[in-house]
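Text of the file structure.csv, holding CSV, C-alpha atoms:
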```
chain,number,residue,atom,x,y,z
A,1246,MET,CA,-12.4,7.4,-3.4
A,1247,SER,CA,-15.9,6.9,-2.1
A,1248,GLU,CA,-18.5,8.2,-4.6
A,1249,LEU,CA,-22.1,7.4,-3.8
A,1250,ALA,CA,-24.9,7.1,-6.4
A,1251,VAL,CA,-27.6,9.4,-5.1
A,1252,GLY,CA,-31.3,9.2,-5.6
A,1253,ASN,CA,-33.9,11.1,-3.7
A,1254,ALA,CA,-32.6,10.1,-0.3
A,1255,ASP,CA,-30.4,12.0,2.2
A,1256,THR,CA,-32.3,15.2,1.5
A,1257,ASP,CA,-34.2,15.3,4.8
A,1258,GLU,CA,-31.3,15.6,7.1
A,1259,GLU,CA,-31.1,18.3,9.7
A,1260,GLU,CA,-29.2,21.5,8.9
A,1261,HIS,CA,-25.5,21.6,9.6
A,1262,PRO,CA,-22.9,24.3,9.0
A,1263,HIS,CA,-20.6,23.8,6.1
A,1264,PRO,CA,-17.3,22.2,7.4
A,1265,TRP,CA,-15.1,23.9,4.8
A,1266,PRO,CA,-16.6,27.3,3.8
A,1267,HIS,CA,-13.7,28.1,1.6
A,1268,ILE,CA,-14.8,25.5,-1.0
A,1269,GLU,CA,-18.5,26.1,-0.6
A,1270,SER,CA,-18.7,27.3,-4.2
A,1271,MET,CA,-17.7,23.8,-5.4
A,1272,PHE,CA,-19.1,21.4,-2.8
A,1273,THR,CA,-22.2,21.6,-0.5
A,1274,LEU,CA,-22.9,19.6,2.6
A,1275,VAL,CA,-25.6,16.9,2.2
A,1276,LYS,CA,-25.4,15.0,5.5
A,1277,VAL,CA,-23.1,14.2,8.4
A,1278,ARG,CA,-22.1,10.7,9.4
A,1279,LYS,CA,-20.1,9.5,12.4
A,1280,ASN,CA,-16.6,10.1,11.0
A,1281,SER,CA,-17.3,11.7,7.6
A,1282,TYR,CA,-19.2,14.3,5.6
A,1283,ILE,CA,-21.3,13.5,2.5
A,1284,MET,CA,-20.5,16.4,0.1
A,1285,ARG,CA,-22.4,17.1,-3.1
A,1286,CYS,CA,-20.4,18.3,-6.1
A,1287,LEU,CA,-21.9,21.5,-7.6
A,1288,LEU,CA,-19.7,21.2,-10.7
A,1289,CYS,CA,-21.5,17.9,-11.6
A,1290,LEU,CA,-25.0,19.5,-11.7
A,1291,PRO,CA,-27.6,18.7,-12.9
A,1292,LYS,CA,-26.3,15.3,-12.1
A,1293,GLN,CA,-26.2,14.6,-8.4
A,1294,ARG,CA,-23.0,13.1,-7.3
A,1295,ASP,CA,-22.0,12.7,-3.7
A,1296,ILE,CA,-18.6,12.2,-2.3
A,1297,SER,CA,-17.7,10.8,1.2
A,1298,ALA,CA,-14.9,12.8,2.9
A,1299,PHE,CA,-13.4,12.3,6.3
A,1300,LYS,CA,-13.9,15.0,8.8
A,1301,ASN,CA,-10.2,15.8,9.1
A,1302,SER,CA,-9.3,15.6,5.4
A,1303,THR,CA,-10.6,16.9,2.0
A,1304,SER,CA,-8.4,14.6,0.0
A,1305,ASN,CA,-11.4,12.7,-1.5
A,1306,LEU,CA,-12.8,15.9,-2.8
A,1307,ARG,CA,-9.6,16.9,-4.4
A,1308,LYS,CA,-9.3,13.4,-6.1
A,1309,HIS,CA,-12.9,13.9,-7.4
A,1310,VAL,CA,-12.0,17.2,-8.9
A,1311,ALA,CA,-8.8,15.9,-10.4
A,1312,ARG,CA,-10.5,12.9,-12.0
A,1313,ILE,CA,-13.9,14.4,-13.1
A,1314,HIS,CA,-13.1,18.1,-13.4
A,1315,PRO,CA,-9.4,18.5,-14.2
A,1316,ASN,CA,-9.9,22.0,-15.6
A,1317,LYS,CA,-11.2,23.1,-12.2
A,1318,LEU,CA,-8.2,21.7,-10.2
A,1319,ALA,CA,-6.3,24.9,-10.3
A,1320,LYS,CA,-9.2,26.8,-8.9
A,1321,TYR,CA,-9.6,24.2,-6.1
A,1322,THR,CA,-5.9,24.4,-5.2
A,1323,ASP,CA,-6.1,28.2,-5.1
A,1324,LEU,CA,-9.0,28.1,-2.7
A,1325,LEU,CA,-7.1,25.7,-0.4
A,1326,GLU,CA,-4.0,27.8,-0.6
A,1327,ASN,CA,-5.8,31.1,0.2
A,1328,HIS,CA,-7.5,29.4,3.2
A,1329,ARG,CA,-4.2,28.1,4.5
A,1330,LYS,CA,-2.6,31.6,4.3
A,1331,SER,CA,-5.5,33.3,6.0
A,1332,LYS,CA,-5.6,30.7,8.7
A,1333,SER,CA,-1.8,31.0,9.3
A,1334,SER,CA,-2.0,34.8,9.5
A,1335,SER,CA,-5.0,34.7,11.9
A,1336,SER,CA,-3.2,32.2,14.1
A,1337,SER,CA,-0.1,34.4,14.3
A,1338,ASP,CA,-2.3,37.5,15.2
A,1339,THR,CA,-4.1,35.5,17.9
A,1340,LEU,CA,-0.8,34.4,19.4
A,1341,VAL,CA,0.5,37.9,19.7
A,1342,LYS,CA,-2.8,39.1,21.0
A,1343,ASN,CA,-2.9,36.4,23.7
A,1344,ALA,CA,0.7,37.2,24.6
A,1345,LYS,CA,-0.3,40.7,25.7
A,1346,ILE,CA,-2.2,39.3,28.8
A,1347,THR,CA,-1.0,41.1,31.8
A,1348,ALA,CA,1.0,39.0,34.2
A,1349,PHE,CA,0.1,38.6,37.9
A,1350,ALA,CA,0.1,42.0,39.6
A,1351,ALA,CA,3.1,41.5,41.8
A,1352,PRO,CA,4.7,44.4,43.8
A,1353,GLY,CA,6.7,46.8,41.8
A,1354,GLN,CA,4.6,47.3,38.6
A,1355,GLY,CA,5.8,50.0,36.3
A,1356,LYS,CA,9.5,49.2,36.7
A,1357,SER,CA,11.8,47.4,34.3
A,1358,ASP,CA,11.4,43.7,33.3
A,1359,GLN,CA,14.3,42.6,35.4
A,1360,ASP,CA,13.0,44.4,38.5
A,1361,ASP,CA,9.6,42.8,38.0
A,1362,ASN,CA,11.1,39.3,37.8
A,1363,ARG,CA,13.3,40.0,40.8
A,1364,GLN,CA,10.3,41.0,42.9
A,1365,TRP,CA,8.4,38.0,41.6
A,1366,LEU,CA,11.1,35.7,42.8
A,1367,LYS,CA,11.3,37.5,46.1
A,1368,LEU,CA,7.7,37.0,47.1
A,1369,PRO,CA,7.2,35.8,50.7
A,1370,PHE,CA,6.7,32.1,51.3
A,1371,ASP,CA,3.5,32.7,53.2
A,1372,TYR,CA,2.1,34.7,50.2
A,1373,MET,CA,2.8,31.8,47.9
A,1374,VAL,CA,1.1,29.4,50.4
A,1375,ARG,CA,-2.0,31.6,50.5
A,1376,ARG,CA,-2.1,31.5,46.7
A,1377,LYS,CA,-1.8,27.7,46.8
A,1378,ARG,CA,-4.7,27.4,49.2
A,1379,ARG,CA,-7.1,29.4,46.9
A,1380,LYS,CA,-10.0,27.7,45.1
A,1381,PRO,CA,-9.3,25.9,41.9
A,1382,SER,CA,-11.7,28.2,40.0
A,1383,MET,CA,-9.2,31.1,40.5
A,1384,TYR,CA,-6.4,29.3,38.5
A,1385,LYS,CA,-8.1,29.4,35.1
A,1386,ARG,CA,-5.4,31.8,33.9
A,1387,ARG,CA,-1.8,30.7,34.2
A,1388,VAL,CA,0.4,33.2,35.9
A,1389,THR,CA,3.8,33.8,34.3
A,1390,PRO,CA,6.6,36.3,35.2
A,1391,PRO,CA,7.0,39.1,32.7
A,1392,LEU,CA,10.5,38.1,31.4
A,1393,MET,CA,9.4,34.5,31.0
A,1394,MET,CA,6.3,35.7,29.1
A,1395,GLN,CA,8.5,37.6,26.6
A,1396,GLN,CA,10.8,34.6,26.1
A,1397,LYS,CA,7.7,32.4,25.4
A,1398,ILE,CA,6.4,35.0,22.9
A,1399,ARG,CA,9.7,35.0,21.0
A,1400,VAL,CA,9.8,31.2,20.8
A,1401,SER,CA,6.2,30.9,19.7
A,1402,GLN,CA,6.6,33.5,17.1
A,1403,ARG,CA,9.7,31.7,15.7
A,1404,TRP,CA,7.9,28.4,15.5
A,1405,SER,CA,4.8,30.0,14.0
A,1406,ILE,CA,6.9,31.5,11.2
A,1407,LYS,CA,8.5,28.2,10.4
A,1408,MET,CA,5.0,26.4,10.3
A,1409,SER,CA,3.6,29.2,8.1
A,1410,ALA,CA,6.5,28.8,5.7
A,1411,ILE,CA,5.8,25.1,5.4
A,1412,LEU,CA,2.1,25.6,4.9
A,1413,ASP,CA,2.7,28.3,2.3
A,1414,ASP,CA,4.8,26.0,0.2
A,1415,ASN,CA,2.7,25.7,-3.0
A,1416,THR,CA,3.1,22.0,-3.9
A,1417,GLY,CA,-0.4,21.6,-5.4
A,1418,LEU,CA,-1.1,18.6,-3.2
A,1419,GLU,CA,-2.6,18.0,0.2
A,1420,TYR,CA,-0.8,16.2,2.9
A,1421,GLN,CA,-1.6,12.5,2.5
A,1422,LEU,CA,-0.1,9.1,2.5
A,1423,PRO,CA,1.6,7.8,-0.7
A,1424,ARG,CA,-0.3,5.5,-2.9
A,1425,HIS,CA,-0.3,1.9,-1.7
A,1426,GLN,CA,2.0,-0.5,-3.5
A,1427,LYS,CA,1.0,-4.1,-3.4
A,1428,CYS,CA,3.6,-6.8,-2.8
A,1429,ALA,CA,4.8,-8.2,-6.1
A,1430,CYS,CA,5.8,-11.5,-4.6
A,1431,HIS,CA,2.4,-12.0,-3.0
A,1432,LEU,CA,0.7,-11.2,-6.4
A,1433,LEU,CA,2.9,-13.8,-8.1
A,1434,ASN,CA,1.9,-16.3,-5.5
A,1435,LEU,CA,-1.8,-15.6,-6.1
A,1436,ILE,CA,-1.2,-16.1,-9.8
A,1437,SER,CA,0.4,-19.5,-9.3
A,1438,THR,CA,-2.3,-20.6,-6.8
A,1439,VAL,CA,-5.6,-18.8,-7.3
A,1440,ASP,CA,-5.5,-17.8,-10.9
A,1441,ALA,CA,-4.0,-21.2,-11.9
A,1442,THR,CA,-7.2,-22.9,-10.8
A,1443,ALA,CA,-9.1,-21.3,-13.6
A,1444,ALA,CA,-7.3,-23.7,-16.0
A,1445,GLY,CA,-9.4,-26.5,-14.7
A,1446,GLY,CA,-12.7,-25.0,-15.9
A,1447,ALA,CA,-15.5,-26.8,-17.8
A,1448,ALA,CA,-14.0,-25.9,-21.1
A,1449,ASN,CA,-10.8,-27.9,-20.4
A,1450,GLU,CA,-12.0,-31.3,-19.6
A,1451,THR,CA,-8.7,-33.1,-20.5
A,1452,TYR,CA,-6.6,-30.8,-18.2
A,1453,LYS,CA,-9.2,-31.0,-15.5
A,1454,ARG,CA,-9.3,-34.8,-15.5
A,1455,LEU,CA,-5.5,-35.3,-15.7
A,1456,SER,CA,-4.7,-32.7,-13.0
A,1457,ARG,CA,-7.2,-34.1,-10.5
A,1458,SER,CA,-6.1,-37.7,-10.9
A,1459,ALA,CA,-2.3,-36.8,-10.9
A,1460,PHE,CA,-2.6,-34.5,-7.9
A,1461,ALA,CA,-4.8,-37.0,-6.0
A,1462,LYS,CA,-2.0,-39.6,-6.2
A,1463,CYS,CA,0.6,-37.0,-5.3
A,1464,HIS,CA,-1.3,-35.9,-2.2
A,1465,ALA,CA,-1.7,-39.6,-1.2
A,1466,LEU,CA,2.0,-40.1,-1.6
A,1467,TRP,CA,2.9,-37.0,0.4
A,1468,ASN,CA,0.5,-37.8,3.2
A,1469,LYS,CA,1.7,-41.4,3.6
A,1470,THR,CA,5.4,-40.5,3.6
A,1471,SER,CA,4.9,-37.7,6.2
A,1472,ARG,CA,2.9,-39.7,8.7
A,1473,SER,CA,4.9,-43.0,8.9
A,1474,THR,CA,8.5,-43.6,9.7
A,1475,MET,CA,8.4,-46.9,7.8
A,1476,ALA,CA,7.2,-45.1,4.7
A,1477,HIS,CA,9.9,-42.5,5.2
A,1478,GLU,CA,12.5,-45.3,5.3
A,1479,THR,CA,11.0,-47.0,2.2
A,1480,VAL,CA,11.3,-43.8,0.2
A,1481,GLU,CA,14.9,-43.3,1.4
A,1482,ARG,CA,15.8,-46.8,0.4
A,1483,GLU,CA,14.1,-46.9,-3.1
A,1484,CYS,CA,14.4,-43.2,-4.2
A,1485,LYS,CA,17.6,-42.0,-2.5
A,1486,LEU,CA,15.7,-38.8,-1.9
A,1487,GLN,CA,12.7,-37.7,0.2
A,1488,PHE,CA,9.5,-36.3,-1.1
A,1489,LEU,CA,8.7,-32.7,-0.3
A,1490,ARG,CA,5.2,-31.9,1.1
A,1491,PRO,CA,3.5,-28.7,-0.1
A,1492,ASN,CA,2.8,-26.0,2.6
A,1493,GLN,CA,0.1,-23.4,2.2
A,1494,THR,CA,2.2,-20.8,3.9
A,1495,ARG,CA,5.3,-21.3,1.8
A,1496,TRP,CA,5.5,-19.8,-1.7
A,1497,SER,CA,6.3,-22.2,-4.6
A,1498,SER,CA,6.0,-25.2,-2.3
A,1499,LEU,CA,3.6,-27.1,-4.7
A,1500,PHE,CA,6.0,-26.6,-7.6
A,1501,LEU,CA,9.0,-27.8,-5.5
A,1502,ALA,CA,7.1,-30.9,-4.4
A,1503,VAL,CA,6.1,-31.8,-8.0
A,1504,GLU,CA,9.6,-31.1,-9.2
A,1505,ARG,CA,11.0,-33.5,-6.7
A,1506,ILE,CA,8.7,-36.3,-7.9
A,1507,VAL,CA,9.7,-35.6,-11.5
A,1508,ARG,CA,13.4,-35.5,-10.5
A,1509,ILE,CA,13.1,-38.9,-8.8
A,1510,HIS,CA,11.3,-40.4,-11.8
A,1511,ARG,CA,14.1,-39.0,-14.1
A,1512,GLU,CA,17.1,-40.0,-12.0
A,1513,GLN,CA,16.0,-43.3,-10.3
A,1514,GLY,CA,13.6,-44.5,-13.0
A,1515,GLU,CA,9.9,-45.4,-13.0
A,1516,GLN,CA,10.6,-48.6,-11.0
A,1517,ALA,CA,11.6,-46.7,-7.9
A,1518,ILE,CA,8.3,-44.8,-7.8
A,1519,ARG,CA,6.4,-48.1,-8.5
A,1520,ASN,CA,8.1,-49.8,-5.6
A,1521,VAL,CA,7.2,-47.0,-3.3
A,1522,CYS,CA,3.6,-47.0,-4.4
A,1523,THR,CA,3.3,-50.7,-4.1
A,1524,ALA,CA,4.8,-50.7,-0.5
A,1525,LEU,CA,2.4,-47.9,0.5
A,1526,LYS,CA,-0.6,-49.3,-1.3
A,1527,ILE,CA,-1.1,-46.3,-3.6
A,1528,LYS,CA,-2.1,-46.4,-7.2
A,1529,MET,CA,0.8,-46.0,-9.6
A,1530,PHE,CA,1.1,-43.0,-12.0
A,1531,ASN,CA,0.1,-43.8,-15.5
A,1532,PRO,CA,2.1,-42.4,-18.5
A,1533,ALA,CA,-0.4,-39.6,-19.1
A,1534,GLU,CA,-0.1,-38.5,-15.5
A,1535,ASN,CA,3.7,-38.6,-15.6
A,1536,GLY,CA,3.7,-36.5,-18.7
A,1537,PHE,CA,1.3,-34.0,-17.0
A,1538,LEU,CA,3.6,-33.7,-14.0
A,1539,VAL,CA,6.6,-33.1,-16.3
A,1540,GLU,CA,4.7,-30.3,-18.2
A,1541,TYR,CA,3.4,-28.8,-15.0
A,1542,ALA,CA,6.9,-28.5,-13.5
A,1543,ALA,CA,8.2,-27.0,-16.8
A,1544,VAL,CA,5.3,-24.4,-16.9
A,1545,MET,CA,5.6,-23.4,-13.2
A,1546,LYS,CA,9.4,-23.2,-13.2
A,1547,PRO,CA,9.6,-19.6,-14.7
A,1548,VAL,CA,7.0,-18.4,-12.1
A,1549,ALA,CA,9.0,-19.9,-9.3
A,1550,MET,CA,12.2,-18.4,-10.6
A,1551,ALA,CA,10.6,-14.9,-10.9
A,1552,LEU,CA,9.3,-15.3,-7.3
A,1553,ASN,CA,12.8,-16.2,-6.1
A,1554,ILE,CA,14.3,-13.1,-7.8
A,1555,LEU,CA,11.8,-10.7,-6.3
A,1556,GLN,CA,11.9,-12.1,-2.8
A,1557,GLY,CA,15.7,-11.9,-2.6
A,1558,GLU,CA,17.4,-10.4,0.4
A,1559,SER,CA,20.1,-8.5,-1.5
A,1560,SER,CA,20.5,-6.7,-4.8
A,1561,VAL,CA,16.7,-6.2,-5.1
A,1562,HIS,CA,15.7,-2.9,-6.7
A,1563,MET,CA,12.5,-1.4,-8.0
A,1564,GLY,CA,14.0,-1.7,-11.5
A,1565,LEU,CA,14.0,-5.5,-11.3
A,1566,LEU,CA,10.2,-5.8,-11.3
A,1567,LEU,CA,9.3,-5.0,-14.9
A,1568,PRO,CA,12.2,-7.0,-16.6
A,1569,THR,CA,11.3,-10.0,-14.4
A,1570,LEU,CA,7.6,-9.7,-15.4
A,1571,TYR,CA,8.3,-9.2,-19.1
A,1572,GLN,CA,10.7,-12.1,-19.2
A,1573,LEU,CA,8.2,-14.3,-17.4
A,1574,ARG,CA,5.6,-13.4,-20.0
A,1575,ASP,CA,7.9,-14.2,-22.9
A,1576,LYS,CA,8.8,-17.6,-21.4
A,1577,LEU,CA,5.1,-18.5,-21.0
A,1578,LYS,CA,4.5,-17.4,-24.6
A,1579,LYS,CA,7.2,-19.8,-25.8
A,1580,LEU,CA,5.8,-22.7,-23.7
A,1581,GLU,CA,2.4,-22.1,-25.2
A,1582,SER,CA,3.5,-23.7,-28.5
A,1583,THR,CA,5.3,-26.6,-26.9
A,1584,CYS,CA,2.9,-27.8,-24.3
A,1585,LYS,CA,0.3,-30.5,-25.1
A,1586,MET,CA,-1.6,-31.0,-21.8
A,1587,CYS,CA,-0.9,-27.8,-19.8
A,1588,THR,CA,-1.8,-25.2,-22.4
A,1589,PRO,CA,-4.8,-24.1,-20.3
A,1590,LEU,CA,-2.5,-23.6,-17.4
A,1591,VAL,CA,-0.3,-21.3,-19.5
A,1592,HIS,CA,-3.3,-19.3,-20.6
A,1593,ALA,CA,-4.5,-19.0,-17.0
A,1594,LEU,CA,-1.1,-17.7,-15.9
A,1595,GLN,CA,-0.9,-15.2,-18.7
A,1596,GLN,CA,-4.4,-13.9,-17.8
A,1597,GLY,CA,-3.4,-13.7,-14.1
A,1598,ILE,CA,-0.3,-11.6,-15.0
A,1599,GLN,CA,-2.4,-9.3,-17.1
A,1600,LYS,CA,-5.1,-8.9,-14.4
A,1601,ARG,CA,-2.7,-8.3,-11.5
A,1602,PHE,CA,0.2,-6.5,-13.2
A,1603,GLY,CA,-1.5,-4.9,-16.2
A,1604,ASP,CA,-1.6,-1.4,-14.7
A,1605,VAL,CA,1.8,-1.8,-13.0
A,1606,MET,CA,3.6,-2.6,-16.2
A,1607,LYS,CA,2.6,0.8,-17.7
A,1608,GLU,CA,3.7,3.0,-14.8
A,1609,PRO,CA,6.4,5.4,-16.0
A,1610,GLU,CA,8.3,5.3,-12.7
A,1611,LEU,CA,8.8,1.5,-12.9
A,1612,ILE,CA,9.7,1.7,-16.6
A,1613,ALA,CA,12.3,4.4,-15.9
A,1614,ALA,CA,13.7,2.5,-12.9
A,1615,ALA,CA,14.3,-0.6,-15.2
A,1616,ILE,CA,15.8,1.5,-18.0
A,1617,LEU,CA,18.2,3.3,-15.6
A,1618,LEU,CA,19.7,0.0,-14.4
A,1619,PRO,CA,22.8,-0.6,-16.5
A,1620,ARG,CA,22.2,-4.4,-16.6
A,1621,PHE,CA,18.8,-4.0,-18.3
A,1622,ARG,CA,18.6,-0.6,-20.1
A,1623,THR,CA,16.0,-1.3,-22.9
A,1624,SER,CA,16.9,-4.9,-23.5
A,1625,TRP,CA,13.9,-6.2,-21.6
A,1626,THR,CA,11.2,-4.9,-24.0
A,1627,THR,CA,10.8,-4.1,-27.6
A,1628,GLU,CA,7.5,-2.2,-27.3
A,1629,GLU,CA,8.2,1.3,-28.6
A,1630,ASN,CA,5.0,2.9,-27.1
A,1631,ILE,CA,6.3,2.1,-23.6
A,1632,LEU,CA,9.7,3.5,-24.3
A,1633,ASN,CA,8.3,6.6,-25.9
A,1634,ALA,CA,5.9,7.1,-22.9
A,1635,VAL,CA,8.7,7.0,-20.4
A,1636,ARG,CA,10.8,9.3,-22.5
A,1637,CYS,CA,8.0,11.9,-22.5
A,1638,ALA,CA,7.4,11.5,-18.7
A,1639,VAL,CA,11.0,11.5,-17.5
A,1640,TRP,CA,12.8,13.5,-20.2
A,1641,PRO,CA,10.1,15.9,-21.6
A,1642,ASN,CA,12.7,17.8,-23.6
A,1643,HIS,CA,14.1,14.7,-25.2
A,1644,ARG,CA,14.2,14.5,-28.9
```
In C-alpha cells, how does this file's structure come out?
Amino acid sequence: MSELAVGNADTDEEEHPHPWPHIESMFTLVKVRKNSYIMRCLLCLPKQRDISAFKNSTSNLRKHVARIHPNKLAKYTDLLENHRKSKSSSSSDTLVKNAKITAFAAPGQGKSDQDDNRQWLKLPFDYMVRRKRRKPSMYKRRVTPPLMMQQKIRVSQRWSIKMSAILDDNTGLEYQLPRHQKCACHLLNLISTVDATAAGGAANETYKRLSRSAFAKCHALWNKTSRSTMAHETVERECKLQFLRPNQTRWSSLFLAVERIVRIHREQGEQAIRNVCTALKIKMFNPAENGFLVEYAAVMKPVAMALNILQGESSVHMGLLLPTLYQLRDKLKKLESTCKMCTPLVHALQQGIQKRFGDVMKEPELIAAAILLPRFRTSWTTEENILNAVRCAVWPNHR
C-alpha cells in the first residue's frame, strides 16, 4: 500500500470533485494524478497521512483502515455496502425506465404486440430502403420491434437481478487479487547464492581466504576441461568421471560441481586430481582447500535436498513447505557444531532462511497444511506457540 509522507506540498492543486462521495466522511481528495487519486485520511488527523489509490479501486484505502484504524473497518464496510446497494437499485430503475422508450411508429399502433410485430415485418421494401438512405444523424436511437423489446427487457432484468445478488453478498472484502506468494524454490536459490556471499565478509578472514583460493582453482579446472577436448580426455582417463561446470541458470549447480570434485578425490584419490592439474598446468589443491571443499559440500547438501523436494513434479503439496524448512534449519544447526572452516557459511544460510522465510513460517494456513498431512502431523516442530496459534486459528472451539 502506498502511503506518502506529507509536508506542506500538494495543497495548491485545482479543485476536483470527490471520486467516492460515499466515503467522504473518512477520506478527502488532495490531488489527482494520471492513474490514481491522492486521498487524505480524516481519521488520522491532526496527523496528515496521504494514501495513493487507483482510480478504479479503493482497496488501498481499505487496507489503510484495516491496518491503522481497525475499529473503523466495520463502518467503512457498511459505507461501501450501502453504496453498492443504492447503485444496484438505481441501475435497475434506469434499465426499466429506458425500456419504456416507444418503438418506431410503424402502421397499426394501438393493436396487440403480435399485430405490431407482424406489421413491422410486413413493411414494404422501398420503405426500408428510404430509411436506409436517411442521414446518419437520424439513427441515434436504435429501433426495435415491440415484442423484441419486451424480450430484451426480461433478459436484462434477469441478469440485473443476478448481478445485484452477487454485489449484495456481504463478504466484508472488496474484489481484489489474492496476496502474492513468492516461489519457495527461487527463495532457496537466493539463499544459497546471494545470502551465502555474506559469509565472506571482513569479519571472517579465514573463510574468505580459503573460499577465494579454493574456488579460483575450481573455476580454472572447470574452464580448462570445458574448452579443450584433450583436457576432457585427460580427465576421463585419470578420474573416470567428468567434472561438472556450474551454470548461473541452474539451481544447485555450484554444489553439484563441488560435490563431483569431492567425490573424485574420495574415490580415485588425491593423485588423480594432481595428475589432471599437472597436465592442465593448474595449481594443485592444498590440504586446507580440500578440507574446505568437503565442508562446503556437506553444508550445502541439505539446501540442495530441500530445493529438490520443493521443485518436484509430483506429490508436492503446500504442506511440504514448512516441514522442509524446519528440517533444513535443524540440520544447519547440527552442522554448526561440527564445522571448522564453514561456520560463517552456516550462519549466513541461517540468517537467509530467517530473512526470506521468517514471516512465511508463522502463517496459520501453511502450519495447518503441514499438520493435516498424515506423514507429518506435528512431528516436524516442537514449538508449542506455533501449534497453539494454528489451533486457535483453524479450530477456534478446540480445547
Review point. Residues at most 7 Å from stretch 1487-1504 of chain A, counting only C-alpha atoms, excluding those fewer than 3 positions away in the same chain, as an MDAnalysis selection string?
Key: chainID A and resid 1434 1467 1480:1481 1507:1508 1538 1542 1545 1549
**Study point:** For A:Ala1614: contacts at 7 Å, only C-alpha atoms, fewer than 3 positions along chain excluded, given as a ChimeraX atom specification
**Key:** /A:1563-1564,1610-1611,1617-1618
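Checking A:Asn1520, A:Ala1444, A:Thr1569, A:Pro1315 one by one against A:Gln1556, counting all atoms listed in the file, you find the shortest gap at A:Thr1569.
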Exercise for review: Do a neighbour search on A:Leu1555 at 9 Å with all atoms listed in the file, toss out local chain neighbours closer than 5 positions, and write the hits as a VMD selection string.
Suggested key: chain A and resid 1429 to 1430 1550 1561 to 1562 1565 to 1566 1569
Exercise for review: Name all residues at most 12 Å from A:Arg1482 (count all atoms listed in the file; drop same-chain ones fewer than 5 positions away) and give them as an MDAnalysis selection string.
Suggested key: chainID A and resid 1475:1477 1487 1513 1517:1518 1520:1521 1524
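Nearest to A:Asp1440 of all the residues A:Met1271, A:Val1591, A:Leu1288, A:Ala1615 is A:Val1591, counting only C-alpha atoms.
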Complete stretch 1316-1321 of chain A at the level of all heavy atoms, written as an mmCIF file, in the frame of the given file.
```cif
data_model
loop_
_atom_site.group_PDB
_atom_site.id
_atom_site.type_symbol
_atom_site.label_atom_id
_atom_site.label_comp_id
_atom_site.auth_asym_id
_atom_site.auth_seq_id
_atom_site.Cartn_x
_atom_site.Cartn_y
_atom_site.Cartn_z
ATOM 1 N N ASN A 1316 -10.096 20.590 -15.303
ATOM 2 C CA ASN A 1316 -9.900 22.000 -15.600
ATOM 3 C C ASN A 1316 -10.231 22.905 -14.412
ATOM 4 O O ASN A 1316 -9.906 24.090 -14.426
ATOM 5 C CB ASN A 1316 -10.823 22.395 -16.780
ATOM 6 C CG ASN A 1316 -12.284 22.056 -16.521
ATOM 7 O OD1 ASN A 1316 -12.589 21.188 -15.700
ATOM 8 N ND2 ASN A 1316 -13.184 22.716 -17.214
ATOM 9 N N LYS A 1317 -10.850 22.363 -13.359
ATOM 10 C CA LYS A 1317 -11.200 23.100 -12.200
ATOM 11 C C LYS A 1317 -10.175 22.861 -11.016
ATOM 12 O O LYS A 1317 -10.353 23.376 -9.908
ATOM 13 C CB LYS A 1317 -12.582 22.797 -11.669
ATOM 14 C CG LYS A 1317 -13.679 23.113 -12.673
ATOM 15 C CD LYS A 1317 -13.834 24.609 -12.887
ATOM 16 C CE LYS A 1317 -14.996 24.926 -13.816
ATOM 17 N NZ LYS A 1317 -15.154 26.373 -14.033
ATOM 18 N N LEU A 1318 -9.159 22.030 -11.295
ATOM 19 C CA LEU A 1318 -8.200 21.700 -10.200
ATOM 20 C C LEU A 1318 -7.406 22.872 -9.765
ATOM 21 O O LEU A 1318 -7.125 23.026 -8.573
ATOM 22 C CB LEU A 1318 -7.298 20.550 -10.716
ATOM 23 C CG LEU A 1318 -6.301 20.002 -9.698
ATOM 24 C CD1 LEU A 1318 -7.029 19.449 -8.487
ATOM 25 C CD2 LEU A 1318 -5.424 18.931 -10.328
ATOM 26 N N ALA A 1319 -7.032 23.740 -10.688
ATOM 27 C CA ALA A 1319 -6.300 24.900 -10.300
ATOM 28 C C ALA A 1319 -7.071 25.842 -9.394
ATOM 29 O O ALA A 1319 -6.555 26.393 -8.406
ATOM 30 C CB ALA A 1319 -5.802 25.676 -11.550
ATOM 31 N N LYS A 1320 -8.339 26.003 -9.703
ATOM 32 C CA LYS A 1320 -9.200 26.800 -8.900
ATOM 33 C C LYS A 1320 -9.334 26.225 -7.465
ATOM 34 O O LYS A 1320 -9.274 26.930 -6.450
ATOM 35 C CB LYS A 1320 -10.569 26.973 -9.502
ATOM 36 C CG LYS A 1320 -11.555 27.790 -8.690
ATOM 37 C CD LYS A 1320 -12.912 27.859 -9.373
ATOM 38 C CE LYS A 1320 -13.911 28.630 -8.494
ATOM 39 N NZ LYS A 1320 -15.241 28.690 -9.131
ATOM 40 N N TYR A 1321 -9.507 24.896 -7.404
ATOM 41 C CA TYR A 1321 -9.600 24.200 -6.100
ATOM 42 C C TYR A 1321 -8.343 24.392 -5.290
ATOM 43 O O TYR A 1321 -8.388 24.666 -4.085
ATOM 44 C CB TYR A 1321 -9.935 22.748 -6.344
ATOM 45 C CG TYR A 1321 -10.047 21.922 -5.089
ATOM 46 C CD1 TYR A 1321 -11.235 21.863 -4.376
ATOM 47 C CD2 TYR A 1321 -8.963 21.201 -4.611
ATOM 48 C CE1 TYR A 1321 -11.343 21.106 -3.223
ATOM 49 C CE2 TYR A 1321 -9.054 20.459 -3.461
ATOM 50 C CZ TYR A 1321 -10.250 20.409 -2.775
ATOM 51 O OH TYR A 1321 -10.341 19.658 -1.623
#
```
